[in-house]
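Here is the structure we will look at.
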Amino acid sequence: MRTGKNGDVYQLVAPAPDGGVLLQRLDRGGAPAGTAQIVPGSHFAALAQSVEAEERPRWVWQRTTDWYPRLLAAGVEVQRCHDLTLSAAILAHSAFVAGSGYTPSIPLGSPLDEPDSGRSGWPGQHQDALFEARTPGVDADEAVAELGAQLGAVSGSPRRQRLALLLAAESAGALAAAEMRRSGVPWDAEVHDALLVERLGPRPRGTARPALLEAKAAELRGLLASPHLNPDSPQELLRALHRAGIETNSTRAWELRKFTHPAVAPLLEYKKMARLLAANGWSWLETWVSEGRFRPEYVVGGVVTGRWASRGGGAMQIPAEVRSAARALPGHRLVVADASQLEPRVLAALAGDEAMAGAARGRDLYAGIAAAGFGGDRAQAKVALLGAIYGATTGESGRLMPQLARLYPQAVALVEQAARDGERGLAVTTHLGRSTPPPSPRWLASQRTTSAQEQHRADAIARDRGRFTRNFVVQGTAAEWAECWMADLRGRLRRIRSRGHRAELVYFLHDEVVIHAEESVAEDCAAAVQDAAQTAGRLLFHHAPVEFPLSVAVVESYDHAK
DNA sequence: GGATGGGGCGCG
DNA sequence: AAAGCGCGCCCCATCC
């Protein structure tokens, strides 16, 4: 991706008075080189375009979400950036810079209060206004100082390479997130509407239940002999269930499935239909799909572990039921790729567990582990391993732990150590250097207990934190792998586009990406996504003998993948 | 009337 | 099939 010796030049972007934009070239140490330029907002995009084409700098800005959506709207795509806020959030807690004296000098903010939230944040009509009337951020001097502090903290770290990779990946992720929001997932509203009609009945006026849902409610009222029951009210529903002799403690689907009463099946169907209507029904379609695209907003760094969150439209919970509406345009394909059993593989690599890496050498890691020590029982192997990663102590998973520990002592020791550290209030850290935030006030308060009863409670709180830190190292490192994967893929897709073809990332979900591409380059994209996975594995773990296989499908609609 | 918390369920 | 991680978002019930 590097494009020559200018690759390490930084280009600062900061707000200037009167709605202008300040541009300042910085050397590779982050120090100003030459004089700053102040340009009117209306000239910024054109200037940025030429700087990007000539120098390919690393753009430095307080927040990618402040600037990049507007650049994209003006037709400017950039290759690389350094997002000061995302980087500060990582460095603020990272154990890899502990003792460096680094403290963020810019507001970290909550990832949830972005200036660009809401769909109105997408301009396009008034080019001149693109870079004006924005929320003022830190000024150029403050940004330069913060960049210097960050670069200093990284270069002084015993883990400087890993940290630098993490900051680069996170910043590249921010670029990809803005680009994906611009592109959106191609969404066929007619297909979606048709499946809603089939499942729920025609769209009703107002807030009435659709006919098939109402019919299901009526059936339920009959079977439970509760003529006025509103099945949407858990309290009413629970009382009605009890009256009918169904002694359940909750209205959860998996609890209800234990009972054989004739009302159970219709109730589960009702819940499924009601959920579809509420979460992905016609109002979802109206709110989140426009011009044939579903445009969610990704929140990079929105999850403590480093995973992305999303805002609006439940982008990361698109149910299987409606995925048939995600369709490639005519002459195009969706290239859907997901990393197979990413978290267990990451654990094997993290722990340097050769035995587990060996079991992971095939396509199906769980089958490999089952063959190695669970009598070929794949389901058992999976439960045991997921239990180790999530911290299960009871049930089948808990019982299988000793067996797993005998097979893979190094991998199990790693997650056990993370759990013990967390219980004691210590921080744990991912492979590239994202550390847990300090213990919660709740945990701290639990340390000051006296009575036996309070101690019991305190132990429970400690165990809660242990499960969190246990999972953090694995989930967080998996998120790093995925972000590196996507960042590298992004560069490869750009090269495919430069040959004159359409190929863009349109969706990202923890360990899965979707590319929308012209049919003629779909196979090139499939190859690119594989190559990017190899690169990600090497970037994080060098030549550790762990494979990260993908399943890749070239399809017309999302539901046809895997 | 709006804010908040819990139950529930979708995704990984 | 089920009890253990991370989320977003729906509805309802309750509080202010």
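Residue numbering restarts at 1 for every chain of the structure tokens, chains are lettered A, B, ... in their displayed order, and ligands are numbered from 1 as they appear.
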Self-check item: chain A residues near chain C (8 Å cut-off, only C-alpha atoms (C1' of nucleotides)) as a PyMOL selection string
Solution: chain A and resi 232-234+275+278-279+303+305+309-311+314+316-317+387+389-395+467-468+471-472+475
Within 12 Å of chain A, which residues of chain B show up? Give each one with its shortest atom-to-atom distance in Å (one decimal) and the two atoms involved, counting only C-alpha atoms (C1' of nucleotides), rows by chain then rising residue number, as a tab-separated table.
```
residue	atom	partner	partner_atom	distance
B:DG6	C1'	A:Pro234	CA	10.8
B:DG7	C1'	A:Pro234	CA	7.7
B:DG8	C1'	A:Arg252	CA	6.5
B:DC9	C1'	A:Arg275	CA	7.8
B:DG10	C1'	A:Gln317	CA	5.3
B:DC11	C1'	A:Gln317	CA	4.0
B:DG12	C1'	A:His510	CA	6.1
```
Practice problem: Within region 283-442 of chain A, find each residue whose DSSP state, derived from the backbone, is alpha helix (DSSP H), and express the selection as a PyMOL selection string. | Solution: chain A and resi 283-288+342-351+354-359+365-373+378-390+395-407+409-423+441-442
Quiz prompt | Ala33 (chain A) surroundings by only C-alpha atoms (C1' of nucleotides), 12 Å radius, close-in-sequence under 2 positions cut, as a ChimeraX atom specification | solution = /A:9-12,23-31,35-37,144
Exercise. Tell me, in Å to one decimal, how far CA of Arg243 (chain A) is from CA of Pro231 (chain A).
Key: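 It comes out at 14.3 Å.
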Self-check item: Picked from region 1-45 of chain A by DSSP as strand (DSSP E or B), as an NGL selection string
Solution: :A and (10-15 or 21-26 or 32 or 37-39)
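In this model, the gap between CA of Asp18 (chain A) and CA of Pro107 (chain A) comes to 22.7 Å.
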